[in-house]
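Data block for final19.cif (mmCIF, C-alpha atoms):
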```cif
data_run
loop_
_atom_site.label_atom_id
_atom_site.label_comp_id
_atom_site.auth_asym_id
_atom_site.auth_seq_id
_atom_site.Cartn_x
_atom_site.Cartn_y
_atom_site.Cartn_z
CA MET I 1 26.17 1.92 -27.18
CA PRO I 2 25.21 3.13 -23.68
CA ASN I 3 22.16 1.41 -22.21
CA HIS I 4 21.44 3.82 -19.38
CA THR I 5 20.99 7.55 -19.25
CA LEU I 6 21.10 10.08 -16.43
CA ASN I 7 18.18 12.23 -15.46
CA PRO I 8 19.14 14.50 -12.55
CA ASP I 9 15.67 16.04 -12.33
CA ASN I 10 14.35 12.75 -10.96
CA TRP I 11 17.28 11.89 -8.69
CA ILE I 12 15.73 13.23 -5.49
CA ASP I 13 12.34 11.60 -6.03
CA ASN I 14 13.79 8.28 -7.09
CA TYR I 15 16.93 7.82 -5.05
CA SER I 16 17.24 10.28 -2.15
CA ASP I 17 15.55 8.02 0.43
CA TYR I 18 17.48 4.97 -0.68
CA LEU I 19 20.80 6.83 -0.54
CA PHE I 20 19.88 8.46 2.76
CA ASN I 21 19.01 5.16 4.41
CA TYR I 22 22.12 3.56 2.95
CA THR I 23 24.19 6.35 4.50
CA ILE I 24 22.51 6.67 7.88
CA SER I 25 22.82 2.95 8.53
CA ARG I 26 26.53 3.35 8.00
CA VAL I 27 27.32 6.69 9.65
CA ASN I 28 24.65 6.84 12.39
CA ASP I 29 24.24 10.59 12.16
CA ARG I 30 21.25 12.17 10.45
CA GLU I 31 22.87 15.51 9.64
CA MET I 32 26.03 13.89 8.40
CA ALA I 33 24.00 11.48 6.28
CA LYS I 34 22.12 14.37 4.68
CA ASP I 35 25.38 16.14 3.90
CA LEU I 36 26.89 13.03 2.38
CA VAL I 37 23.84 12.46 0.19
CA GLN I 38 23.94 16.07 -0.96
CA ASP I 39 27.67 15.82 -1.68
CA THR I 40 26.98 12.67 -3.67
CA PHE I 41 24.41 14.36 -5.87
CA PHE I 42 26.69 17.34 -6.43
CA ALA I 43 29.64 15.12 -7.28
CA ALA I 44 27.41 13.14 -9.63
CA LEU I 45 26.36 16.31 -11.41
CA LYS I 46 29.98 17.28 -11.87
CA SER I 47 30.98 13.93 -13.27
CA MET I 48 27.95 13.35 -15.47
CA LYS I 49 30.12 13.55 -18.54
CA ASN I 50 32.13 10.56 -17.30
CA PHE I 51 29.04 8.37 -17.09
CA LYS I 52 29.40 5.65 -19.69
CA GLY I 53 25.94 4.17 -19.34
CA ASP I 54 27.16 0.71 -18.37
CA ALA I 55 25.56 0.78 -14.94
CA ASN I 56 22.12 2.06 -14.07
CA GLU I 57 21.70 5.44 -12.43
CA ARG I 58 21.24 4.09 -8.92
CA THR I 59 24.26 1.82 -9.03
CA TRP I 60 26.35 4.70 -10.28
CA LEU I 61 25.10 7.03 -7.54
CA ILE I 62 25.74 4.38 -4.88
CA ALA I 63 29.29 3.95 -6.15
CA ILE I 64 29.87 7.68 -5.65
CA LEU I 65 28.19 7.61 -2.24
CA LYS I 66 30.39 4.72 -1.08
CA ARG I 67 33.45 6.80 -1.84
CA LYS I 68 31.99 9.72 0.07
CA ILE I 69 31.33 7.48 3.08
CA ILE I 70 34.87 6.10 2.95
CA ASP I 71 36.25 9.65 2.75
CA HIS I 72 34.09 10.60 5.73
CA TYR I 73 35.52 7.73 7.79
CA ARG I 74 39.06 8.56 6.72
CA LYS I 75 38.51 12.10 7.91
CA ILE I 76 37.07 11.19 11.30
CA ASN I 77 39.58 8.43 11.81
CA SER I 78 42.47 10.79 11.32
CA LYS I 79 40.89 13.06 13.95
CA LYS I 80 40.30 10.11 16.24
CA GLY I 81 43.94 9.14 15.92
CA GLN I 82 44.95 12.53 17.26
CA ALA I 83 42.54 12.18 20.15
CA GLU I 84 43.93 8.79 21.06
CA VAL I 85 47.44 10.15 21.33
CA ARG I 86 46.23 12.55 23.98
CA MET I 87 44.32 9.90 25.84
CA SER I 88 45.63 9.09 29.27
CA TYR I 89 44.68 6.59 31.94
CA ASN I 90 44.44 8.22 35.34
CA SER I 91 43.12 5.44 37.45
CA ASP I 92 45.49 2.70 38.49
CA GLU I 93 42.96 0.04 37.62
CA ALA I 94 42.77 1.07 34.02
CA GLU I 95 46.51 1.30 33.58
CA GLY I 96 47.63 -0.64 30.59
CA ASP I 97 44.11 -1.56 29.67
CA TRP I 98 44.24 -0.54 26.05
CA LEU I 99 40.86 -1.40 24.67
CA GLU I 100 41.15 0.80 21.68
CA GLU I 101 38.30 -0.84 19.81
CA ARG I 102 35.98 0.08 22.59
CA VAL I 103 37.11 3.68 22.40
CA SER I 104 36.63 3.86 18.65
CA ASP I 105 33.14 2.42 18.66
CA PRO I 106 31.34 2.79 21.98
CA PHE I 107 27.86 2.25 20.53
CA ASP I 108 28.58 -1.05 18.89
CA LYS I 109 25.62 -3.42 19.35
CA THR I 110 27.31 -6.29 17.69
CA ALA I 111 28.96 -6.03 14.35
CA GLU I 112 26.77 -8.79 13.04
CA ASP I 113 23.50 -7.11 14.09
CA LYS I 114 24.59 -3.93 12.47
CA LEU I 115 25.59 -5.62 9.25
CA GLU I 116 22.28 -7.43 9.12
CA ASN I 117 20.42 -4.16 9.64
CA GLU I 118 22.33 -2.50 6.83
CA GLU I 119 21.51 -5.34 4.47
CA LEU I 120 17.89 -5.43 5.56
CA GLY I 121 17.52 -1.69 5.08
CA ASP I 122 18.96 -2.00 1.57
CA ALA I 123 16.60 -4.91 0.85
CA ILE I 124 13.59 -2.89 2.03
CA TYR I 125 14.51 -0.02 -0.26
CA ASN I 126 15.08 -2.39 -3.14
CA CYS I 127 11.57 -3.75 -2.65
CA LEU I 128 10.14 -0.25 -2.26
CA GLY I 129 11.76 0.63 -5.57
CA LYS I 130 9.68 -2.04 -7.27
CA LEU I 131 6.36 -0.60 -6.06
CA PRO I 132 4.36 1.94 -8.04
CA GLU I 133 5.39 5.43 -6.93
CA LYS I 134 2.19 6.25 -5.06
CA GLN I 135 2.20 2.98 -3.13
CA ALA I 136 5.84 3.42 -2.19
CA ASN I 137 5.20 6.96 -1.11
CA VAL I 138 2.20 6.16 1.09
CA PHE I 139 3.95 3.12 2.58
CA LYS I 140 7.03 5.20 3.43
CA MET I 141 5.01 7.98 5.02
CA LYS I 142 2.89 5.61 7.09
CA THR I 143 5.38 2.89 7.99
CA ILE I 144 8.79 4.51 8.01
CA GLU I 145 8.02 8.12 8.89
CA GLY I 146 5.16 7.01 11.16
CA LEU I 147 2.83 9.82 10.08
CA ASP I 148 -0.82 9.54 11.08
CA THR I 149 -3.54 8.72 8.59
CA GLU I 150 -5.08 12.18 8.59
CA THR I 151 -1.81 13.95 7.82
CA ILE I 152 -1.09 11.66 4.88
CA CYS I 153 -4.64 11.97 3.54
CA ASN I 154 -4.47 15.77 3.69
CA GLU I 155 -1.10 15.90 2.09
CA LEU I 156 -1.87 13.54 -0.77
CA ASN I 157 -5.51 14.53 -1.04
CA ILE I 158 -6.87 11.01 -0.68
CA THR I 159 -9.57 9.52 1.55
CA ALA I 160 -8.80 7.26 4.49
CA SER I 161 -10.31 4.22 2.80
CA ASN I 162 -8.24 4.99 -0.26
CA LEU I 163 -5.14 5.10 1.94
CA TRP I 164 -5.90 1.69 3.45
CA VAL I 165 -6.37 0.14 0.03
CA ILE I 166 -2.99 1.53 -1.06
CA ILE I 167 -1.37 0.36 2.19
CA HIS I 168 -2.85 -3.09 1.73
CA ARG I 169 -1.43 -3.43 -1.77
CA ALA I 170 1.93 -2.07 -0.70
CA ARG I 171 2.18 -4.38 2.32
CA ASN I 172 1.28 -7.37 0.19
CA ALA I 173 3.92 -6.52 -2.37
CA MET I 174 6.53 -5.77 0.29
CA ALA I 175 5.85 -9.03 2.12
CA GLU I 176 6.11 -10.95 -1.12
CA CYS I 177 9.37 -9.23 -2.02
CA LEU I 178 10.97 -9.68 1.41
CA GLU I 179 9.52 -13.12 2.09
CA GLU I 180 12.25 -15.27 0.71
CA ASN I 181 15.14 -13.84 2.65
CA TRP I 182 13.84 -11.75 5.48
CA LEU I 183 10.38 -12.62 6.83
CA MET V 184 -26.91 -5.72 1.99
CA LYS V 185 -26.86 -5.07 5.71
CA LYS V 186 -23.46 -5.57 7.29
CA SER V 187 -23.24 -8.11 10.07
CA VAL V 188 -22.30 -6.74 13.47
CA LEU V 189 -19.86 -9.48 14.34
CA PHE V 190 -19.03 -11.29 11.13
CA ILE V 191 -16.85 -9.63 8.58
CA SER V 192 -15.55 -10.56 5.16
CA CYS V 193 -12.01 -11.70 4.56
CA GLU V 194 -11.19 -8.42 2.81
CA GLU V 195 -12.51 -6.43 5.73
CA ALA V 196 -10.53 -8.59 8.14
CA LYS V 197 -7.35 -7.96 6.16
CA GLN V 198 -7.94 -4.24 6.27
CA ILE V 199 -8.45 -4.31 10.03
CA CYS V 200 -5.28 -6.35 10.32
CA ASP V 201 -3.41 -3.67 8.28
CA LYS V 202 -4.82 -0.96 10.51
CA SER V 203 -3.82 -2.77 13.67
CA GLN V 204 -0.19 -2.90 12.45
CA TYR V 205 -0.20 0.86 12.95
CA GLY V 206 -2.35 0.87 16.09
CA ASP V 207 -5.20 2.36 14.06
CA ALA V 208 -7.82 -0.37 14.56
CA THR V 209 -10.62 0.38 17.03
CA PHE V 210 -11.43 -1.94 19.91
CA TRP V 211 -14.57 -3.14 18.15
CA GLU V 212 -12.66 -3.82 14.94
CA ARG V 213 -10.11 -5.87 16.84
CA ILE V 214 -12.88 -7.99 18.35
CA LYS V 215 -14.33 -8.63 14.90
CA LEU V 216 -10.88 -9.58 13.62
CA THR V 217 -10.33 -11.96 16.53
CA ILE V 218 -13.60 -13.72 15.78
CA ARG V 219 -12.69 -14.11 12.13
CA LEU V 220 -9.19 -15.32 13.07
CA SER V 221 -10.68 -18.11 15.15
CA TRP V 222 -12.05 -19.90 12.11
CA CYS V 223 -10.58 -18.40 8.91
CA ARG V 224 -7.30 -19.91 7.81
CA VAL V 225 -6.74 -17.30 5.08
CA THR V 226 -7.05 -14.43 7.56
CA ARG V 227 -4.71 -16.22 9.96
CA ALA V 228 -2.07 -16.67 7.27
CA TYR V 229 -2.41 -13.04 6.21
CA THR V 230 -2.11 -11.82 9.79
CA LYS V 231 0.96 -13.91 10.42
CA ARG V 232 2.73 -12.54 7.35
CA ASN V 233 1.60 -9.00 8.07
CA LYS V 234 2.89 -9.08 11.65
CA SER V 235 6.13 -10.50 10.42
CA LEU V 236 6.51 -7.60 7.97
CA THR V 237 5.88 -5.10 10.76
CA LYS V 238 8.46 -6.77 12.97
CA THR V 239 11.06 -6.92 10.21
CA ILE V 240 10.68 -3.26 9.32
CA LYS V 241 10.85 -2.26 12.97
CA PHE V 242 14.00 -4.33 13.44
CA SER V 243 15.65 -2.76 10.39
CA ASP V 244 15.55 0.78 11.86
CA VAL V 245 15.04 1.90 8.30
CA GLU V 246 14.82 5.67 7.84
CA CYS V 247 13.82 8.13 5.16
CA LEU V 248 14.08 11.86 4.60
CA LYS V 249 11.37 14.12 5.97
CA LYS V 250 9.36 16.06 3.43
CA GLU V 251 11.14 19.35 4.21
CA GLU V 252 14.54 17.70 4.04
CA ARG V 253 13.73 16.19 0.66
CA GLN V 254 12.49 19.52 -0.62
CA ALA V 255 15.62 21.31 0.62
CA LEU V 256 17.77 18.76 -1.17
CA LYS V 257 15.71 19.20 -4.31
CA ASP V 258 16.13 22.98 -4.21
CA GLN V 259 19.86 22.72 -3.68
CA LEU V 260 20.27 20.25 -6.51
CA SER V 261 18.23 22.29 -8.97
CA GLN V 262 20.22 25.39 -7.99
CA GLN V 263 23.45 23.50 -8.61
CA LEU V 264 22.10 22.22 -11.90
CA LYS V 265 21.24 25.77 -12.95
CA ASN V 266 24.72 27.02 -12.01
CA GLN V 267 26.31 24.23 -13.96
CA ASN V 268 24.33 24.99 -17.10
#
```

Same coordinates, now as structure tokens:
Amino acid sequence: MPNHTLNPDNWIDNYSDYLFNYTISRVNDREMAKDLVQDTFFAALKSMKNFKGDANERTWLIAILKRKIIDHYRKINSKKGQAEVRMSYNSDEAEGDWLEERVSDPFDKTAEDKLENEELGDAIYNCLGKLPEKQANVFKMKTIEGLDTETICNELNITASNLWVIIHRARNAMAECLEENWL
Amino acid sequence: MKKSVLFISCEEAKQICDKSQYGDATFWERIKLTIRLSWCRVTRAYTKRNKSLTKTIKFSDVECLKKEERQALKDQLSQQLKNQN
């Protein structure tokens, strides 16, 4: 008997930020990340009937998203391959200096840093997922989006002191959740 | 009870510490926090952990959708859902 069910009406509220962060840390392009997340939700809608209920909703959505990200890289890599064929070295100094890796990834910090960031981002969203919705929401707006107190208060119709109480609880819970591996 | 000008409770100190993580604490609040930090071990421990959380989140470059982006996604998904049904 299936243990999990799908509820597409709540997908955006529950998973869009997690999926978006997961994507942007891997594709480094905000617009592309948004498109991939949207494609993921659409693909998920189409294949809802194939959902067996073995995995939870988020795991299932992430599995679809991973495929979308791989497809995205396949697509740009095939384009990159064509570009590399046309590449020519004009200066004598550079002749024969085939640093293809550098061409394919000019913004590489270090692979290890990047990997650590991806994992940390996932861990942060995992912890955020454990917070009550309001706390997670206020924490995201204040800490990740960097919105000012007044804007958040107006939007959520709460007082400033209310906001700081929520932030305090959220920060405590986040620190506790991240403490073991990341703080 | 009248509030002291310089001495604050632990709870108040924690709130000022939270505010200062976002640059929202006033100069006077920061002074009061510094005084409390000089003798209160609990506040010191809280501040250390809180700063560490700020640093970790900053380092992660974590991002989320803007409100409009989330709403646009929601509209598109509900449209798609309607078409499918």

Quiz item: What lies within 8 Å of Cys247 (chain V) using all atoms listed in the file, ignoring chain neighbours under 3 positions off, as JSON, numbers by chain?
Solution: {"I": [17, 18, 20, 21, 140, 144, 145]}

Quiz item: With distances taken over all atoms listed in the file, which of I:Ile64, I:Ile152, I:Leu131, I:Ile124 is nearest to chain V?
Solution: I:Ile124

Exercise. Can you pull out every residue within 9 Å of Leu178 (chain I), counting only C-alpha atoms, but drop anything in the same chain fewer than 5 positions away, and send it as a PyMOL selection string?
Key: (chain I and resi 123-124+127+173+183) or (chain V and resi 236)

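Selecting chain V residues within 8 Å of chain I and counting all atoms listed in the file yields Lys197, Gln198, Asp201, Lys202, Tyr205, Arg232, Asn233, Ser235, Leu236, Thr239, Ile240, Phe242, Ser243, Asp244, Val245, Glu246, Cys247, Leu248, Lys249, Arg253, Leu256, Lys257, Leu260, Ser261, Gln263 and Leu264 of chain V.
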
Quiz item: When the PyMOL selection byres ((chain V and resi 216) around 12) is applied to the file above, which residues end up in the set, as a ChimeraX atom specification?
Solution: /V:188-203,208-215,217-223,226-227,229-230

Practice problem: Check the smallest atom-to-atom distance from each of V:Asn268, V:Gln254, V:Gln262, V:Thr237 to Gly206 (chain V) using all atoms listed in the file, then report the winner. | Solution: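 Residue with the minimum atom-to-atom distance to Gly206 (chain V): V:Thr237.
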
Self-check item: Distance in Å - CA of Lys130 (chain I) versus CA of Tyr15 (chain I)
Solution: 12.4 Å

Quiz item: Where does the PyMOL selection byres ((chain I and resi 52) around 9) land in this file, that is, which residues does it pick, as a ChimeraX atom specification?
Solution: /I:1-5,48-51,53-55

Quiz item: What gap, in Å, lies between CA of Lys250 (chain V) and CA of Lys66 (chain I)?
Solution: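 Result for CA of Lys250 (chain V) versus CA of Lys66 (chain I): 24.3 Å, one decimal.
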
Self-check item: Polymer residues at most 9 Å from Ile69 (chain I), all atoms listed in the file, same-chain spacing of 2 or more positions, as a ChimeraX atom specification
Solution: /I:23,26-27,33,36,64-67,71-74

Exercise. Take CA of Asn28 (chain I) and CA of Ala170 (chain I) and report the distance between them in Å, one decimal.
Key: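 Interatomic distance, CA of Asn28 (chain I) to CA of Ala170 (chain I): 27.7 Å.
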